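Presented below is the structure to which this report refers.
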2 protein chains.
Amino acid sequence: MGEKLTTLHALAEPNRFHIVELLRVGPLTVGEIADSLKLRQPQVSKHLRVLSDSGLVEVQPIANRRIYKLQSQPFLELEEWLDTFRSIWEDRFDRLDDYLKEMK
Amino acid sequence: MGEKLTTLHALAEPNRFHIVELLRVGPLTVGEIADSLKLRQPQVSKHLRVLSDSGLVEVQPIANRRIYKLQSQPFLELEEWLDTFRSIWEDRFDRLDDYLKEMK
DNA sequence: TTTTAATATTCCTTTACGAGAATATTCCTC
DNA sequence: GAGGAATATTCTCGTAAAGGAATATTAAAA
């Protein structure tokens, strides 16, 4: 369960969310991300650190640069979690009524 | 895009995440949630406020009590967003190689 | 209509975290 | 090996947000 919270927390920050949206197009360096989002390099590095720690992105160092790309696992796990709710939406038209009856 | 961030933010808080997990079993009152999670009533009310503002839960007042239940829309929207990544995971085995070649 | 139960709201304190600026690190190039 | 790019880390500060305690609100019940 902790992983899901970590993933959610990482994605819930606006700039990190934007970074993820950027990276869906393809791998990018820190500088490119900073330019695109008009953020300062240190902040981008810090956000990438969070994304990296949470497993959402992966780094590949090339010489001076570091190329970041999305990692599928956390996304898939999150989607899997959301999928476990599907049965509920269909199943629970009258659960509320049940509940009301139970409590008299 | 703002709704997704709102949803993510609401879910990213541990206690709120737990509340959501609790509510998936069925609708509950504030007191029941507080008991289950061993939280104080005011904090539960405050978290439920956030969840309610983000559309994740719905309230139904019955006399003294307020019964909270999950609302499907935000979950479905989030899942839909995650689903847009699917094509990427399959498509992008070699995108990194492409990138590396591009930048020589 | 006073009392009591359930919930919401407010105020205060504390903590988490993001931004900014400066500095450290790493690796290429000359 | 000195200088310069690209990136990471550290420090400080400001702010958003969570917890605690007290209080307000609402509705039922006596």
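Each chain in the structure tokens gets a letter, A, B and so on, in the order shown; residues start at 1 in every chain, and ligands are counted from 1 in the order they appear.
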
DSSP alpha helix (DSSP H) residues within chain A, as a VMD selection string: chain A and resid 2 to 11 14 to 23 30 to 37 41 to 53 72 to 83 86 to 91 95 to 102

Expected answer as a list in words: strand (DSSP E) residues in chain B: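 The strand (DSSP E) residues within chain B come out as Leu28, Thr29, Val57, Glu58, Val59, Gln60, Pro61, Ile62, Arg65, Arg66, Ile67, Tyr68, Lys69 and Leu70 of chain B.
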
Can you superpose chain B onto chain A by least squares over all C-alpha atoms paired in order and give the moved copy as a compact mmCIF listing (two decimals) with N, CA and C atoms, in the first residue's frame?
# COMPACT_ATOMS: atom_id res chain seq x y z
N MET B 1 0.85 -1.23 -0.07
CA MET B 1 0.02 0.00 0.00
C MET B 1 0.90 1.24 0.03
N GLY B 2 2.07 1.09 0.62
CA GLY B 2 2.97 2.23 0.73
C GLY B 2 3.43 2.74 -0.61
N GLU B 3 3.60 1.81 -1.54
CA GLU B 3 4.08 2.24 -2.86
C GLU B 3 3.04 3.13 -3.54
N LYS B 4 1.79 2.75 -3.37
CA LYS B 4 0.73 3.54 -3.99
C LYS B 4 0.73 4.95 -3.44
N LEU B 5 0.87 5.06 -2.13
CA LEU B 5 0.91 6.39 -1.52
C LEU B 5 2.11 7.19 -2.03
N THR B 6 3.23 6.51 -2.15
CA THR B 6 4.42 7.17 -2.67
C THR B 6 4.19 7.68 -4.09
N THR B 7 3.62 6.83 -4.89
CA THR B 7 3.32 7.21 -6.26
C THR B 7 2.36 8.39 -6.31
N LEU B 8 1.29 8.31 -5.53
CA LEU B 8 0.31 9.38 -5.51
C LEU B 8 0.94 10.69 -5.06
N HIS B 9 1.74 10.60 -4.02
CA HIS B 9 2.38 11.80 -3.50
C HIS B 9 3.29 12.44 -4.55
N ALA B 10 4.03 11.61 -5.23
CA ALA B 10 4.94 12.15 -6.25
C ALA B 10 4.17 12.82 -7.38
N LEU B 11 3.07 12.23 -7.77
CA LEU B 11 2.29 12.76 -8.89
C LEU B 11 1.44 13.97 -8.51
N ALA B 12 1.17 14.11 -7.24
CA ALA B 12 0.22 15.14 -6.80
C ALA B 12 0.80 16.55 -6.84
N GLU B 13 2.09 16.65 -7.02
CA GLU B 13 2.70 17.98 -7.07
C GLU B 13 2.64 18.49 -8.51
N PRO B 14 2.11 19.68 -8.71
CA PRO B 14 1.87 20.21 -10.06
C PRO B 14 3.08 20.14 -10.99
N ASN B 15 4.22 20.61 -10.52
CA ASN B 15 5.39 20.60 -11.40
C ASN B 15 5.82 19.19 -11.77
N ARG B 16 5.73 18.30 -10.79
CA ARG B 16 6.10 16.92 -11.09
C ARG B 16 5.10 16.31 -12.06
N PHE B 17 3.85 16.64 -11.88
CA PHE B 17 2.82 16.17 -12.82
C PHE B 17 3.15 16.65 -14.24
N HIS B 18 3.55 17.89 -14.33
CA HIS B 18 3.90 18.43 -15.65
C HIS B 18 5.12 17.72 -16.24
N ILE B 19 6.08 17.45 -15.39
CA ILE B 19 7.27 16.74 -15.86
C ILE B 19 6.87 15.38 -16.43
N VAL B 20 6.00 14.70 -15.73
CA VAL B 20 5.54 13.40 -16.21
C VAL B 20 4.83 13.54 -17.56
N GLU B 21 4.01 14.57 -17.66
CA GLU B 21 3.30 14.78 -18.93
C GLU B 21 4.29 15.06 -20.06
N LEU B 22 5.33 15.79 -19.72
CA LEU B 22 6.37 16.07 -20.72
C LEU B 22 7.07 14.79 -21.15
N LEU B 23 7.41 13.99 -20.19
CA LEU B 23 8.21 12.79 -20.46
C LEU B 23 7.45 11.73 -21.23
N ARG B 24 6.15 11.86 -21.27
CA ARG B 24 5.39 10.85 -21.99
C ARG B 24 5.68 10.94 -23.49
N VAL B 25 6.12 12.09 -23.94
CA VAL B 25 6.48 12.24 -25.35
C VAL B 25 7.77 11.52 -25.66
N GLY B 26 8.65 11.50 -24.67
CA GLY B 26 9.93 10.82 -24.86
C GLY B 26 10.92 11.26 -23.81
N PRO B 27 12.05 10.60 -23.74
CA PRO B 27 13.08 10.91 -22.74
C PRO B 27 13.61 12.33 -22.92
N LEU B 28 13.99 12.95 -21.82
CA LEU B 28 14.50 14.32 -21.86
C LEU B 28 15.60 14.51 -20.83
N THR B 29 16.44 15.49 -21.11
CA THR B 29 17.46 15.85 -20.13
C THR B 29 16.89 16.86 -19.14
N VAL B 30 17.61 17.07 -18.06
CA VAL B 30 17.19 18.02 -17.04
C VAL B 30 17.01 19.41 -17.63
N GLY B 31 17.99 19.79 -18.44
CA GLY B 31 17.95 21.13 -19.03
C GLY B 31 16.75 21.32 -19.93
N GLU B 32 16.44 20.32 -20.71
CA GLU B 32 15.30 20.42 -21.61
C GLU B 32 13.99 20.56 -20.84
N ILE B 33 13.90 19.82 -19.77
CA ILE B 33 12.71 19.92 -18.93
C ILE B 33 12.60 21.30 -18.32
N ALA B 34 13.72 21.78 -17.81
CA ALA B 34 13.73 23.11 -17.19
C ALA B 34 13.30 24.18 -18.20
N ASP B 35 13.82 24.07 -19.41
CA ASP B 35 13.45 25.04 -20.45
C ASP B 35 11.96 24.96 -20.76
N SER B 36 11.50 23.76 -20.99
CA SER B 36 10.11 23.57 -21.37
C SER B 36 9.15 24.12 -20.32
N LEU B 37 9.44 23.84 -19.09
CA LEU B 37 8.51 24.22 -18.03
C LEU B 37 8.88 25.56 -17.40
N LYS B 38 9.94 26.17 -17.90
CA LYS B 38 10.39 27.45 -17.35
C LYS B 38 10.58 27.39 -15.85
N LEU B 39 11.28 26.36 -15.46
CA LEU B 39 11.65 26.20 -14.05
C LEU B 39 13.17 26.30 -13.97
N ARG B 40 13.65 26.56 -12.76
CA ARG B 40 15.09 26.62 -12.58
C ARG B 40 15.65 25.21 -12.46
N GLN B 41 16.85 25.06 -12.95
CA GLN B 41 17.45 23.73 -12.99
C GLN B 41 17.45 23.01 -11.63
N PRO B 42 17.84 23.67 -10.55
CA PRO B 42 17.86 22.95 -9.28
C PRO B 42 16.50 22.39 -8.87
N GLN B 43 15.46 23.15 -9.10
CA GLN B 43 14.13 22.67 -8.73
C GLN B 43 13.77 21.44 -9.57
N VAL B 44 14.11 21.51 -10.85
CA VAL B 44 13.83 20.35 -11.70
C VAL B 44 14.58 19.13 -11.19
N SER B 45 15.83 19.31 -10.86
CA SER B 45 16.61 18.18 -10.33
C SER B 45 15.98 17.63 -9.07
N LYS B 46 15.50 18.53 -8.23
CA LYS B 46 14.90 18.08 -6.98
C LYS B 46 13.61 17.30 -7.23
N HIS B 47 12.81 17.80 -8.15
CA HIS B 47 11.57 17.08 -8.46
C HIS B 47 11.87 15.73 -9.11
N LEU B 48 12.87 15.74 -9.96
CA LEU B 48 13.24 14.48 -10.60
C LEU B 48 13.76 13.48 -9.57
N ARG B 49 14.36 13.99 -8.54
CA ARG B 49 14.82 13.12 -7.46
C ARG B 49 13.63 12.40 -6.83
N VAL B 50 12.59 13.17 -6.55
CA VAL B 50 11.40 12.58 -5.95
C VAL B 50 10.78 11.55 -6.89
N LEU B 51 10.67 11.94 -8.15
CA LEU B 51 10.09 11.02 -9.13
C LEU B 51 10.95 9.76 -9.26
N SER B 52 12.24 9.95 -9.17
CA SER B 52 13.15 8.82 -9.28
C SER B 52 13.04 7.91 -8.06
N ASP B 53 13.00 8.51 -6.89
CA ASP B 53 12.88 7.72 -5.66
C ASP B 53 11.59 6.92 -5.64
N SER B 54 10.57 7.47 -6.23
CA SER B 54 9.28 6.77 -6.24
C SER B 54 9.20 5.77 -7.40
N GLY B 55 10.24 5.72 -8.19
CA GLY B 55 10.27 4.74 -9.27
C GLY B 55 9.53 5.14 -10.53
N LEU B 56 9.05 6.38 -10.56
CA LEU B 56 8.28 6.83 -11.72
C LEU B 56 9.15 7.14 -12.92
N VAL B 57 10.38 7.49 -12.67
CA VAL B 57 11.30 7.75 -13.78
C VAL B 57 12.61 7.01 -13.56
N GLU B 58 13.35 6.90 -14.64
CA GLU B 58 14.63 6.21 -14.62
C GLU B 58 15.66 7.14 -15.24
N VAL B 59 16.87 7.06 -14.77
CA VAL B 59 17.93 7.92 -15.31
C VAL B 59 18.89 7.12 -16.16
N GLN B 60 19.36 7.77 -17.20
CA GLN B 60 20.47 7.19 -17.93
C GLN B 60 21.49 8.29 -18.16
N PRO B 61 22.64 8.17 -17.53
CA PRO B 61 23.68 9.19 -17.67
C PRO B 61 24.39 9.03 -19.00
N ILE B 62 24.49 10.13 -19.71
CA ILE B 62 25.27 10.15 -20.94
C ILE B 62 26.21 11.34 -20.85
N ALA B 63 27.46 11.03 -20.64
CA ALA B 63 28.45 12.10 -20.51
C ALA B 63 28.01 13.08 -19.45
N ASN B 64 27.98 14.30 -19.85
CA ASN B 64 27.55 15.37 -18.96
C ASN B 64 26.09 15.25 -18.52
N ARG B 65 25.27 14.82 -19.42
CA ARG B 65 23.82 14.89 -19.24
C ARG B 65 23.25 13.69 -18.51
N ARG B 66 22.01 13.90 -18.10
CA ARG B 66 21.26 12.78 -17.53
C ARG B 66 19.90 12.75 -18.20
N ILE B 67 19.63 11.65 -18.80
CA ILE B 67 18.39 11.52 -19.54
C ILE B 67 17.37 10.77 -18.71
N TYR B 68 16.22 11.40 -18.54
CA TYR B 68 15.16 10.81 -17.72
C TYR B 68 14.05 10.28 -18.60
N LYS B 69 13.55 9.13 -18.23
CA LYS B 69 12.42 8.56 -18.96
C LYS B 69 11.44 7.93 -17.98
N LEU B 70 10.20 7.83 -18.40
CA LEU B 70 9.17 7.24 -17.55
C LEU B 70 9.40 5.75 -17.35
N GLN B 71 8.93 5.29 -16.23
CA GLN B 71 9.00 3.88 -15.88
C GLN B 71 7.57 3.38 -15.69
N SER B 72 7.25 2.27 -16.31
CA SER B 72 5.83 1.87 -16.36
C SER B 72 5.26 1.32 -15.05
N GLN B 73 6.07 0.63 -14.30
CA GLN B 73 5.54 -0.12 -13.14
C GLN B 73 4.61 0.66 -12.22
N PRO B 74 5.05 1.80 -11.69
CA PRO B 74 4.17 2.52 -10.75
C PRO B 74 2.84 2.89 -11.38
N PHE B 75 2.87 3.27 -12.63
CA PHE B 75 1.63 3.61 -13.32
C PHE B 75 0.72 2.41 -13.42
N LEU B 76 1.31 1.30 -13.77
CA LEU B 76 0.50 0.09 -13.92
C LEU B 76 -0.08 -0.35 -12.57
N GLU B 77 0.72 -0.23 -11.54
CA GLU B 77 0.23 -0.61 -10.21
C GLU B 77 -0.92 0.28 -9.76
N LEU B 78 -0.77 1.57 -10.07
CA LEU B 78 -1.83 2.51 -9.69
C LEU B 78 -3.11 2.20 -10.45
N GLU B 79 -2.95 1.92 -11.72
CA GLU B 79 -4.11 1.60 -12.53
C GLU B 79 -4.77 0.31 -12.05
N GLU B 80 -3.92 -0.62 -11.66
CA GLU B 80 -4.43 -1.88 -11.14
C GLU B 80 -5.27 -1.63 -9.88
N TRP B 81 -4.77 -0.75 -9.06
CA TRP B 81 -5.50 -0.42 -7.82
C TRP B 81 -6.84 0.21 -8.17
N LEU B 82 -6.83 1.15 -9.09
CA LEU B 82 -8.07 1.80 -9.50
C LEU B 82 -9.04 0.78 -10.08
N ASP B 83 -8.46 -0.20 -10.71
CA ASP B 83 -9.30 -1.21 -11.35
C ASP B 83 -10.08 -2.02 -10.32
N THR B 84 -9.53 -2.15 -9.14
CA THR B 84 -10.22 -2.92 -8.10
C THR B 84 -11.49 -2.23 -7.63
N PHE B 85 -11.68 -0.99 -8.05
CA PHE B 85 -12.90 -0.27 -7.68
C PHE B 85 -14.04 -0.54 -8.66
N ARG B 86 -13.68 -1.01 -9.82
CA ARG B 86 -14.68 -1.18 -10.86
C ARG B 86 -15.89 -1.97 -10.39
N SER B 87 -15.62 -3.06 -9.75
CA SER B 87 -16.72 -3.91 -9.28
C SER B 87 -17.66 -3.12 -8.38
N ILE B 88 -17.10 -2.19 -7.65
CA ILE B 88 -17.91 -1.43 -6.70
C ILE B 88 -18.91 -0.54 -7.40
N TRP B 89 -18.48 0.13 -8.43
CA TRP B 89 -19.38 1.08 -9.10
C TRP B 89 -20.63 0.40 -9.63
N GLU B 90 -20.43 -0.77 -10.15
CA GLU B 90 -21.59 -1.50 -10.70
C GLU B 90 -22.42 -2.11 -9.59
N ASP B 91 -21.71 -2.60 -8.61
CA ASP B 91 -22.33 -3.42 -7.58
C ASP B 91 -23.18 -2.61 -6.62
N ARG B 92 -22.89 -1.33 -6.47
CA ARG B 92 -23.35 -0.65 -5.28
C ARG B 92 -24.46 0.39 -5.45
N PHE B 93 -25.34 0.15 -6.38
CA PHE B 93 -26.43 1.10 -6.55
C PHE B 93 -27.21 1.29 -5.26
N ASP B 94 -27.47 0.15 -4.62
CA ASP B 94 -28.39 0.17 -3.49
C ASP B 94 -27.73 -0.04 -2.14
N ARG B 95 -26.44 -0.04 -2.13
CA ARG B 95 -25.74 -0.21 -0.86
C ARG B 95 -26.15 0.86 0.15
N LEU B 96 -26.35 2.05 -0.34
CA LEU B 96 -26.71 3.11 0.58
C LEU B 96 -28.07 2.82 1.20
N ASP B 97 -28.99 2.36 0.39
CA ASP B 97 -30.31 2.00 0.92
C ASP B 97 -30.17 0.90 1.96
N ASP B 98 -29.34 -0.09 1.64
CA ASP B 98 -29.10 -1.15 2.60
C ASP B 98 -28.63 -0.57 3.92
N TYR B 99 -27.66 0.31 3.80
CA TYR B 99 -27.09 0.91 5.01
C TYR B 99 -28.16 1.62 5.82
N LEU B 100 -28.97 2.38 5.14
CA LEU B 100 -30.00 3.14 5.83
C LEU B 100 -30.98 2.21 6.55
N LYS B 101 -31.28 1.10 5.91
CA LYS B 101 -32.20 0.15 6.54
C LYS B 101 -31.55 -0.50 7.76
N GLU B 102 -30.30 -0.83 7.62
CA GLU B 102 -29.58 -1.46 8.73
C GLU B 102 -29.62 -0.61 9.99
N MET B 103 -29.44 0.68 9.82
CA MET B 103 -29.35 1.54 11.00
C MET B 103 -30.72 2.06 11.44
N LYS B 104 -31.74 1.56 10.78
CA LYS B 104 -33.12 1.96 11.08
C LYS B 104 -33.32 3.47 11.20

Contacts of DT23 of chain D within 12 Å, only C-alpha atoms (C1' of nucleotides), excl. fewer than 5 positions in-chain, as a ChimeraX atom specification: /B:42 /C:8-11

Chain A contacts on chain C, only C-alpha atoms (C1' of nucleotides), 9 Å, as number ranges by chain: C: 18-19, 26-28

Using N, CA and C atoms (P, O5', C5', C4', C3', O3' and C1' of nucleotides), can you export the residues from the last selection as a JSON list (two decimals), in the first residue's frame?
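Below is the file that was written, selection35.json:
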[["chain", "number", "residue", "atom", "x", "y", "z"],
["C", 18, "DG", "P", 7.31, 19.20, -2.61],
["C", 18, "DG", "O5'", 7.25, 20.47, -3.56],
["C", 18, "DG", "C5'", 6.21, 21.43, -3.38],
["C", 18, "DG", "C4'", 6.75, 22.83, -3.50],
["C", 18, "DG", "C3'", 7.85, 22.98, -4.55],
["C", 18, "DG", "O3'", 7.54, 24.07, -5.42],
["C", 18, "DG", "C1'", 8.57, 23.86, -2.46],
["C", 19, "DA", "P", 8.51, 24.47, -6.60],
["C", 19, "DA", "O5'", 9.21, 25.79, -6.05],
["C", 19, "DA", "C5'", 8.40, 26.91, -5.70],
["C", 19, "DA", "C4'", 9.27, 28.09, -5.32],
["C", 19, "DA", "C3'", 10.39, 28.40, -6.31],
["C", 19, "DA", "O3'", 10.46, 29.81, -6.52],
["C", 19, "DA", "C1'", 11.30, 27.97, -4.15],
["C", 26, "DT", "P", 31.49, 13.19, -7.55],
["C", 26, "DT", "O5'", 31.21, 12.94, -9.10],
["C", 26, "DT", "C5'", 29.90, 13.19, -9.63],
["C", 26, "DT", "C4'", 30.00, 13.51, -11.10],
["C", 26, "DT", "C3'", 31.18, 12.85, -11.82],
["C", 26, "DT", "O3'", 30.67, 12.07, -12.89],
["C", 26, "DT", "C1'", 31.00, 15.12, -12.41],
["C", 27, "DC", "P", 31.58, 10.92, -13.56],
["C", 27, "DC", "O5'", 31.77, 11.51, -15.02],
["C", 27, "DC", "C5'", 30.65, 12.10, -15.69],
["C", 27, "DC", "C4'", 31.14, 13.04, -16.77],
["C", 27, "DC", "C3'", 32.37, 12.53, -17.52],
["C", 27, "DC", "O3'", 32.16, 12.65, -18.91],
["C", 27, "DC", "C1'", 32.69, 14.74, -16.82],
["C", 28, "DC", "P", 33.09, 11.81, -19.91],
["C", 28, "DC", "O5'", 33.30, 12.88, -21.08],
["C", 28, "DC", "C5'", 32.17, 13.55, -21.63],
["C", 28, "DC", "C4'", 32.54, 14.98, -21.99],
["C", 28, "DC", "C3'", 33.64, 15.09, -23.04],
["C", 28, "DC", "O3'", 33.14, 15.78, -24.17],
["C", 28, "DC", "C1'", 34.05, 16.56, -21.19]]

Once you count only C-alpha atoms (C1' of nucleotides), what closest atom pair and distance in Å to one decimal does each residue of chain D within 9 Å of chain B have, with rows by chain and rising residue number, as a Markdown table?
| residue | atom | partner | partner_atom | distance |
| --- | --- | --- | --- | --- |
| D:DA18 | C1' | B:Gln43 | CA | 8.5 |
| D:DG19 | C1' | B:Gln43 | CA | 7.5 |
| D:DT26 | C1' | B:Asn64 | CA | 7.1 |
| D:DA27 | C1' | B:Asn64 | CA | 5.4 |
| D:DA28 | C1' | B:Asn64 | CA | 7.2 |

For atom C1' of DC13 of chain D and atom C1' of DA22 of chain C, the interatomic separation in Å (one decimal):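 Interatomic distance here is 14.1 Å.
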
Separation of atom C1' of DC17 of chain C from atom C1' of DT9 of chain D, in Å and rounded to one decimal: 16.1 Å

For atom C1' of DT15 of chain D and atom C1' of DT14 of chain C, the interatomic separation in Å (one decimal): 12.9 Å
